[in-house]
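K.L.:
Dropping in protein-v5.txt, with compact mmCIF, C-alpha atoms.
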```txt
# COMPACT_ATOMS: atom_id res chain seq x y z
CA MET A 1 131.57 125.75 136.59
CA SER A 2 135.02 124.76 135.33
CA ALA A 3 135.79 124.17 131.67
CA ALA A 4 136.93 120.60 132.39
CA ARG A 5 133.57 119.82 133.99
CA LEU A 6 131.69 121.29 131.01
CA SER A 7 133.76 119.29 128.56
CA SER A 8 132.94 116.08 130.42
CA PHE A 9 129.18 116.39 129.73
CA PRO A 10 129.32 115.41 126.02
CA SER A 11 131.53 112.44 126.88
CA ALA A 12 129.10 111.32 129.60
CA ARG A 13 126.15 111.62 127.20
CA ARG A 14 128.03 109.68 124.54
CA LEU A 15 128.92 106.97 127.05
CA LEU A 16 125.31 106.77 128.20
CA LEU A 17 124.09 106.56 124.59
CA TRP A 18 126.45 103.76 123.65
CA SER A 19 125.70 101.91 126.88
CA GLY A 20 122.00 102.00 126.02
CA ILE A 21 122.69 100.80 122.47
CA VAL A 22 124.79 97.91 123.73
CA ALA A 23 122.19 96.96 126.35
CA VAL A 24 119.32 96.95 123.84
CA SER A 25 121.38 95.02 121.30
CA LEU A 26 122.24 92.36 123.88
CA TRP A 27 118.60 92.22 124.99
CA VAL A 28 117.56 91.39 121.42
CA LEU A 29 120.50 89.34 120.13
CA VAL A 30 121.34 87.11 123.09
CA PRO A 31 117.97 85.24 123.11
CA ILE A 32 118.20 84.76 119.33
CA TYR A 33 121.74 83.43 119.72
CA LEU A 34 120.67 81.01 122.45
CA VAL A 35 117.78 79.74 120.32
CA ALA A 36 120.17 79.20 117.39
CA LEU A 37 122.61 77.47 119.74
CA GLY A 38 119.87 75.09 120.87
CA ALA A 39 118.74 74.48 117.29
CA PHE A 40 122.21 73.64 115.96
CA GLY A 41 123.55 72.03 119.11
CA GLY A 42 121.47 68.88 118.77
CA ARG A 43 120.13 66.78 121.62
CA GLU A 44 123.46 66.75 123.47
CA GLY A 45 123.88 70.50 123.25
CA VAL A 46 120.36 71.22 124.53
CA TYR A 47 120.65 69.02 127.60
CA GLN A 48 124.30 69.81 128.31
CA TRP A 49 125.01 71.28 131.75
CA PRO A 50 126.74 73.56 132.49
CA LYS A 51 125.91 75.37 129.29
CA SER A 52 128.64 76.54 126.97
CA PHE A 53 128.06 79.99 125.49
CA LEU A 54 130.38 79.18 122.57
CA PRO A 55 129.26 76.58 120.01
CA LEU A 56 131.63 73.63 120.50
CA GLU A 57 129.75 71.15 118.31
CA VAL A 58 127.46 72.57 115.64
CA SER A 59 125.28 70.30 113.54
CA PRO A 60 122.42 71.23 111.18
CA ASP A 61 120.79 67.81 111.63
CA SER A 62 118.01 69.04 113.94
CA VAL A 63 117.10 71.90 111.62
CA MET A 64 117.17 69.67 108.53
CA VAL A 65 115.01 67.00 110.18
CA PHE A 66 112.60 69.68 111.33
CA LEU A 67 112.32 71.14 107.82
CA GLN A 68 111.50 67.68 106.48
CA ILE A 69 108.50 67.25 108.81
CA GLN A 70 105.37 66.93 106.73
CA GLY A 71 103.43 70.18 106.57
CA VAL A 72 106.18 72.56 107.74
CA GLY A 73 106.92 73.88 104.25
CA THR A 74 103.23 74.44 103.48
CA ALA A 75 102.68 76.15 106.82
CA PHE A 76 105.72 78.37 106.20
CA LEU A 77 104.31 79.41 102.82
CA ASN A 78 100.88 80.05 104.37
CA SER A 79 102.46 82.36 106.94
CA LEU A 80 104.24 84.30 104.21
CA ILE A 81 100.98 84.66 102.26
CA ALA A 82 99.02 85.83 105.31
CA ALA A 83 101.79 88.26 106.29
CA GLY A 84 101.97 89.61 102.72
CA ILE A 85 98.21 90.22 102.67
CA THR A 86 98.46 91.94 106.04
CA VAL A 87 101.29 94.23 104.94
CA VAL A 88 99.59 95.25 101.70
CA LEU A 89 96.17 95.91 103.25
CA SER A 90 97.64 97.70 106.27
CA ILE A 91 99.51 100.11 103.99
CA LEU A 92 96.64 100.58 101.52
CA LEU A 93 94.09 101.25 104.28
CA GLY A 94 96.25 102.68 107.05
CA ALA A 95 98.20 105.23 104.99
CA PRO A 96 95.12 107.12 103.69
CA ALA A 97 93.65 107.13 107.20
CA GLY A 98 96.92 108.45 108.62
CA TYR A 99 97.11 111.09 105.88
CA ALA A 100 93.58 112.27 106.65
CA LEU A 101 94.38 112.50 110.36
CA ALA A 102 97.57 114.44 109.62
CA ARG A 103 96.25 116.89 107.03
CA TYR A 104 92.59 117.57 107.82
CA ASP A 105 90.65 118.83 110.82
CA PHE A 106 87.16 117.44 111.23
CA PRO A 107 84.68 117.11 114.10
CA GLY A 108 85.45 114.19 116.36
CA LYS A 109 89.03 113.80 115.14
CA ASN A 110 90.45 113.09 118.59
CA ALA A 111 87.58 110.74 119.42
CA TYR A 112 88.15 108.92 116.14
CA ARG A 113 91.85 108.52 116.92
CA LEU A 114 90.97 107.11 120.34
CA LEU A 115 88.35 104.75 118.93
CA VAL A 116 90.82 103.45 116.37
CA LEU A 117 93.20 102.56 119.17
CA LEU A 118 90.45 101.09 121.36
CA THR A 119 89.71 98.44 118.75
CA ARG A 120 92.78 96.65 120.11
CA ALA A 121 91.16 96.54 123.55
CA PHE A 122 88.67 93.83 122.56
CA PRO A 123 90.05 90.36 123.37
CA LEU A 124 90.18 88.26 120.24
CA ALA A 125 88.95 85.22 122.18
CA ILE A 126 85.54 86.87 122.68
CA LEU A 127 85.16 87.28 118.91
CA ALA A 128 86.36 83.77 118.06
CA LEU A 129 82.93 82.11 117.75
CA PRO A 130 81.13 84.87 115.78
CA LEU A 131 84.18 85.25 113.52
CA THR A 132 84.24 81.52 112.82
CA VAL A 133 80.52 81.46 111.97
CA SER A 134 80.81 84.55 109.76
CA PHE A 135 83.86 83.21 107.93
CA ILE A 136 82.15 79.89 107.27
CA ARG A 137 79.16 81.71 105.76
CA LEU A 138 81.41 83.95 103.64
CA GLY A 139 83.60 81.07 102.46
CA LEU A 140 86.70 82.53 104.10
CA TYR A 141 87.17 79.85 106.73
CA ASP A 142 90.41 77.86 106.51
CA SER A 143 91.87 80.27 103.95
CA MET A 144 94.85 82.58 104.03
CA LEU A 145 92.69 85.47 102.85
CA GLY A 146 90.56 85.14 105.97
CA VAL A 147 93.62 84.95 108.24
CA GLY A 148 95.16 87.93 106.45
CA LEU A 149 91.98 89.98 106.97
CA ILE A 150 91.97 89.27 110.71
CA HIS A 151 95.65 90.11 110.99
CA THR A 152 94.99 93.34 109.08
CA VAL A 153 92.35 94.25 111.66
CA LEU A 154 94.95 93.73 114.38
CA ALA A 155 97.62 95.80 112.62
CA LEU A 156 95.46 98.56 111.10
CA PRO A 157 94.99 100.79 114.19
CA PHE A 158 98.72 101.13 114.74
CA ALA A 159 99.32 101.51 111.01
CA ALA A 160 96.96 104.48 110.88
CA LEU A 161 98.51 106.16 113.94
CA VAL A 162 102.11 105.55 112.86
CA THR A 163 101.52 106.88 109.34
CA GLN A 164 99.77 109.91 110.82
CA GLY A 165 102.97 110.84 112.62
CA VAL A 166 105.00 110.20 109.47
CA PHE A 167 102.80 112.41 107.26
CA MET A 168 102.87 115.17 109.88
CA GLY A 169 106.65 115.17 109.43
CA VAL A 170 106.36 115.84 105.67
CA PRO A 171 106.10 119.62 105.08
CA ARG A 172 102.74 120.64 103.68
CA GLU A 173 104.47 123.36 101.63
CA LEU A 174 106.04 120.74 99.35
CA GLU A 175 102.63 119.33 98.59
CA GLU A 176 101.21 122.79 97.90
CA ALA A 177 104.13 123.52 95.56
CA ALA A 178 103.27 120.39 93.59
CA TRP A 179 99.69 121.65 93.25
CA VAL A 180 100.97 124.97 91.90
CA PHE A 181 103.00 123.14 89.22
CA GLY A 182 99.97 121.22 87.98
CA CYS A 183 99.78 118.08 90.10
CA SER A 184 96.44 116.91 91.34
CA ARG A 185 95.98 116.06 95.01
CA ILE A 186 96.45 112.38 94.29
CA GLY A 187 99.43 113.07 92.03
CA ALA A 188 101.10 115.26 94.66
CA PHE A 189 100.49 112.58 97.27
CA LEU A 190 102.02 109.84 95.12
CA LYS A 191 104.92 111.85 93.68
CA VAL A 192 105.90 114.04 96.64
CA VAL A 193 104.47 112.78 99.93
CA VAL A 194 104.88 109.02 99.48
CA PRO A 195 108.62 109.11 98.54
CA LEU A 196 109.36 111.27 101.58
CA ALA A 197 107.24 109.03 103.80
CA LEU A 198 108.82 105.74 102.64
CA PRO A 199 110.81 105.24 105.87
CA GLY A 200 107.65 105.49 107.95
CA LEU A 201 105.73 103.26 105.56
CA ALA A 202 108.56 100.72 105.80
CA ALA A 203 108.31 100.80 109.59
CA THR A 204 104.56 100.27 109.30
CA ALA A 205 105.13 97.33 106.96
CA VAL A 206 107.60 95.77 109.42
CA PHE A 207 105.13 96.20 112.25
CA ALA A 208 102.30 94.62 110.25
CA PHE A 209 104.53 91.75 109.12
CA VAL A 210 105.66 90.94 112.66
CA ILE A 211 102.09 91.05 114.00
CA SER A 212 100.89 88.64 111.32
CA TRP A 213 103.90 86.34 111.55
CA ASN A 214 103.73 85.95 115.33
CA GLU A 215 99.94 85.77 115.73
CA VAL A 216 98.74 82.31 116.72
CA PHE A 217 95.25 82.46 118.25
CA ALA A 218 93.24 83.63 115.23
CA ALA A 219 95.26 81.41 112.91
CA SER A 220 94.51 78.40 115.12
CA VAL A 221 90.78 79.13 115.38
CA LEU A 222 90.13 80.07 111.75
CA THR A 223 92.11 77.28 110.07
CA VAL A 224 92.04 73.50 110.15
CA GLN A 225 94.11 72.21 107.24
CA ASN A 226 95.72 75.39 105.91
CA ARG A 227 97.46 76.45 109.10
CA THR A 228 100.10 79.11 109.42
CA LEU A 229 103.50 78.19 110.79
CA THR A 230 102.80 79.42 114.33
CA ALA A 231 99.52 77.51 114.55
CA TYR A 232 101.10 74.42 113.01
CA LEU A 233 104.08 74.48 115.35
CA LEU A 234 101.79 74.93 118.35
CA THR A 235 100.27 71.56 117.47
CA VAL A 236 103.31 69.67 116.16
CA LEU A 237 106.00 70.82 118.60
CA SER A 238 104.00 70.56 121.83
CA GLU A 239 105.26 66.99 122.36
CA SER A 240 108.46 67.17 120.29
CA PRO A 241 112.01 66.93 121.68
CA LEU A 242 113.47 70.17 122.93
CA HIS A 243 116.05 70.60 120.15
CA TYR A 244 113.30 70.41 117.54
CA GLN A 245 111.39 73.09 119.43
CA PHE A 246 114.47 75.29 119.26
CA ALA A 247 114.68 74.63 115.51
CA GLY A 248 111.04 75.68 115.12
CA GLY A 249 111.66 78.82 117.16
CA LEU A 250 114.62 79.72 114.98
CA LEU A 251 112.49 79.25 111.86
CA LEU A 252 109.94 81.66 113.32
CA ILE A 253 112.59 84.30 114.08
CA LEU A 254 114.56 84.32 110.83
CA PRO A 255 111.89 85.62 108.37
CA SER A 256 111.15 88.66 110.56
CA ALA A 257 114.86 89.41 110.89
CA ILE A 258 115.39 89.03 107.14
CA PHE A 259 112.41 91.28 106.37
CA ILE A 260 113.67 93.98 108.74
CA PHE A 261 117.16 93.71 107.22
CA ALA A 262 115.69 94.09 103.71
CA VAL A 263 114.05 97.44 104.56
CA ARG A 264 116.73 98.66 106.95
CA ARG A 265 117.76 101.67 104.85
CA TYR A 266 114.23 103.07 105.09
CA LEU A 267 114.12 102.43 108.83
CA PHE A 268 117.43 104.22 109.37
CA ALA A 269 116.07 107.25 107.52
CA ILE A 270 112.84 107.57 109.52
CA TRP A 271 114.37 109.96 112.05
CA GLY A 272 115.35 112.32 109.28
CA VAL A 273 111.80 112.39 107.95
CA SER A 274 110.14 112.77 111.31
CA SER A 275 112.42 115.65 112.29
CA LYS A 276 111.66 117.79 109.24
```
If you convert what's in this file into C-alpha cells, what do you get?
P.N.:
Amino acid sequence: MSAARLSSFPSARRLLLWSGIVAVSLWVLVPIYLVALGAFGGREGVYQWPKSFLPLEVSPDSVMVFLQIQGVGTAFLNSLIAAGITVVLSILLGAPAGYALARYDFPGKNAYRLLVLLTRAFPLAILALPLTVSFIRLGLYDSMLGVGLIHTVLALPFAALVTQGVFMGVPRELEEAAWVFGCSRIGAFLKVVVPLALPGLAATAVFAFVISWNEVFAASVLTVQNRTLTAYLLTVLSESPLHYQFAGGLLLILPSAIFIFAVRRYLFAIWGVSSK
C-alpha cells in the first residue's frame, strides 16, 4: 500500500468525525432555532409562507405576553423545585448503588442490575390510580415533594447504572492508598472517589434534571393546583395561538440548556475519567 494512501486515512477519519459533529449539532440546534424563531417572530412570522430562515422581524412581545399569563411563573418555579428534588435524590441514592455495583461482587448482582433497569418497563399510566390514592393518604398529593419522588423513581435506574460505569473508571488503587494513609472507607470515597467521579455525577444530574423537567404525565395526574410547567402548559396552551405555543416551548427548552451549560466543564471531562 502506497504512502500517500496511508496518509489519507487520518484525514478521512478526521473528516468523518467532523461531519458527524456537524450533523449532530444541526440535529439539536436547528429545531431549537426554529422554535425561537416562532416565539420571537410573532403571529405574522409564524404564519408566514414561504418561511424565512433568517429573522427579518424579531419582537419579544409574544414571549413577554406569555410570561405574564397567570400561573406561568408559579408553574416554572414548581418545575425547578421538582427537578431540584429529583437531581438531589438521584445522586444521593443512585451514586451509592452505582458504587456498590462497581466495587463489590455479591450473589445476584447481574439479576439486580437487570431488575433495576426493568423498573422502567412498567407503564406509568398503569400505576396512576394506586399512586394517586397512596399520595392522598400520605399527604403528598398536589405537592412538589410527591412529584419529585415520582421523577426520582423514573431517573434512579439510569442514575445507578451510569454511576456504576463512572466508578469503575476510577482506579481502586487510589482508594486503597487513601486507606493506607488513614482515611476511612467513607472518607476515601468522599475525598478521593467523588472528586474524580464529578464528571459522571454531573452527567447523571443533567439526565435526572431533563427527565424531571420534561415529564408531563405524572405531574398532570398527581397535581391539581400546584402544577409543573409542562403540565400547566399542556392545559393552557392547547387552545392558544401558535406563536404563544412556540413561546412556551422555548421556555421549556432554555432551563435544560442553561443547566447543561453550567456543568459543561464536568461533562467535557467525563471521557478522561472513564478512560482511566
K.L.:
Which residues come within 7 Å of region 107-124 of chain A, counting all atoms listed in the file, excluding same-chain residues fewer than 3 positions away, as a list in words?
P.N.:
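Counting only the stated atoms, we get Leu127, Ala128, Leu154 and Pro157 of chain A.
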K.L.:
Which value, in Å to one decimal, gives the distance between CA of Ala159 (chain A) and CA of Val206 (chain A)?
P.N.:
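Value for the CA of Ala159 (chain A)-CA of Val206 (chain A) distance: 10.2 Å.
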K.L.:
Return the single residue from A:Ala197, A:Gly182, A:Gly71, A:Gly20 that is closest to Val170 (chain A), with distances computed using all atoms listed in the file.
P.N.:
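Among the listed residues, A:Ala197 lies closest to Val170 (chain A).
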K.L.:
Taking (92.1, 85.0, 109.9) in the file's coordinates, which residues come within 10 Å, counting all atoms listed in the file, written as a list in words?
P.N.:
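Every polymer residue passing the test: Ala82, Leu131, Thr132, Phe135, Leu140, Tyr141, Asp142, Ser143, Met144, Leu145, Gly146, Val147, Gly148, Leu149, Ile150, His151, Thr152, Val153, Ser212, Glu215, Val216, Phe217, Ala218, Ala219, Ser220, Val221, Leu222, Thr223 and Thr228 of chain A.
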K.L.:
Using CA of Gly169 (chain A) and CA of Gly94 (chain A) as the two end points, give the distance in Å to one decimal.
P.N.:
16.4 Å
K.L.:
Would you mind reading off the distance between CA of Ala231 (chain A) and CA of Phe76 (chain A), one decimal, in Å?
P.N.:
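Calculated distance between CA of Ala231 (chain A) and CA of Phe76 (chain A) is 10.4 Å.
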K.L.:
Give me the residues near Leu156 (chain A) as a PyMOL selection string, where near means some atom within 8 Å (using all atoms listed in the file) and where sequence neighbours in that chain fewer than 6 positions away do not count.
P.N.:
chain A and resi 90+93-94+208
K.L.:
Can I get region 120-137 of chain A with N, CA and C atoms filled in, as a short mmCIF file (atom, residue, chain, number, x, y, z; two decimals), in the coordinates of the input?
P.N.:
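Everything below was put into rebuild_35.cif:
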```
data_model
loop_
_atom_site.label_atom_id
_atom_site.label_comp_id
_atom_site.auth_asym_id
_atom_site.auth_seq_id
_atom_site.Cartn_x
_atom_site.Cartn_y
_atom_site.Cartn_z
N ARG A 120 91.85 97.67 119.64
CA ARG A 120 92.78 96.65 120.11
C ARG A 120 92.47 96.22 121.53
N ALA A 121 91.50 96.89 122.17
CA ALA A 121 91.16 96.54 123.55
C ALA A 121 90.23 95.34 123.64
N PHE A 122 89.58 94.97 122.53
CA PHE A 122 88.67 93.83 122.56
C PHE A 122 89.48 92.54 122.47
N PRO A 123 89.33 91.64 123.45
CA PRO A 123 90.05 90.36 123.37
C PRO A 123 89.57 89.55 122.17
N LEU A 124 90.53 89.03 121.43
CA LEU A 124 90.18 88.26 120.24
C LEU A 124 89.42 86.98 120.58
N ALA A 125 89.63 86.45 121.79
CA ALA A 125 88.95 85.22 122.18
C ALA A 125 87.43 85.40 122.25
N ILE A 126 86.98 86.62 122.62
CA ILE A 126 85.54 86.87 122.68
C ILE A 126 84.92 86.82 121.29
N LEU A 127 85.67 87.23 120.28
CA LEU A 127 85.16 87.28 118.91
C LEU A 127 85.38 85.98 118.14
N ALA A 128 85.98 84.99 118.78
CA ALA A 128 86.36 83.77 118.06
C ALA A 128 85.14 83.07 117.45
N LEU A 129 84.10 82.84 118.25
CA LEU A 129 82.93 82.11 117.75
C LEU A 129 82.18 82.87 116.67
N PRO A 130 81.81 84.16 116.87
CA PRO A 130 81.13 84.87 115.78
C PRO A 130 81.99 85.00 114.52
N LEU A 131 83.31 85.18 114.69
CA LEU A 131 84.18 85.25 113.52
C LEU A 131 84.18 83.93 112.76
N THR A 132 84.24 82.83 113.48
CA THR A 132 84.24 81.52 112.82
C THR A 132 82.96 81.30 112.04
N VAL A 133 81.81 81.63 112.65
CA VAL A 133 80.52 81.46 111.97
C VAL A 133 80.45 82.36 110.74
N SER A 134 80.87 83.62 110.89
CA SER A 134 80.81 84.55 109.76
C SER A 134 81.73 84.11 108.63
N PHE A 135 82.92 83.63 108.96
CA PHE A 135 83.86 83.21 107.93
C PHE A 135 83.38 81.96 107.21
N ILE A 136 82.71 81.08 107.92
CA ILE A 136 82.15 79.89 107.27
C ILE A 136 81.08 80.30 106.27
N ARG A 137 80.24 81.24 106.65
CA ARG A 137 79.16 81.71 105.76
C ARG A 137 79.73 82.44 104.55
#
```
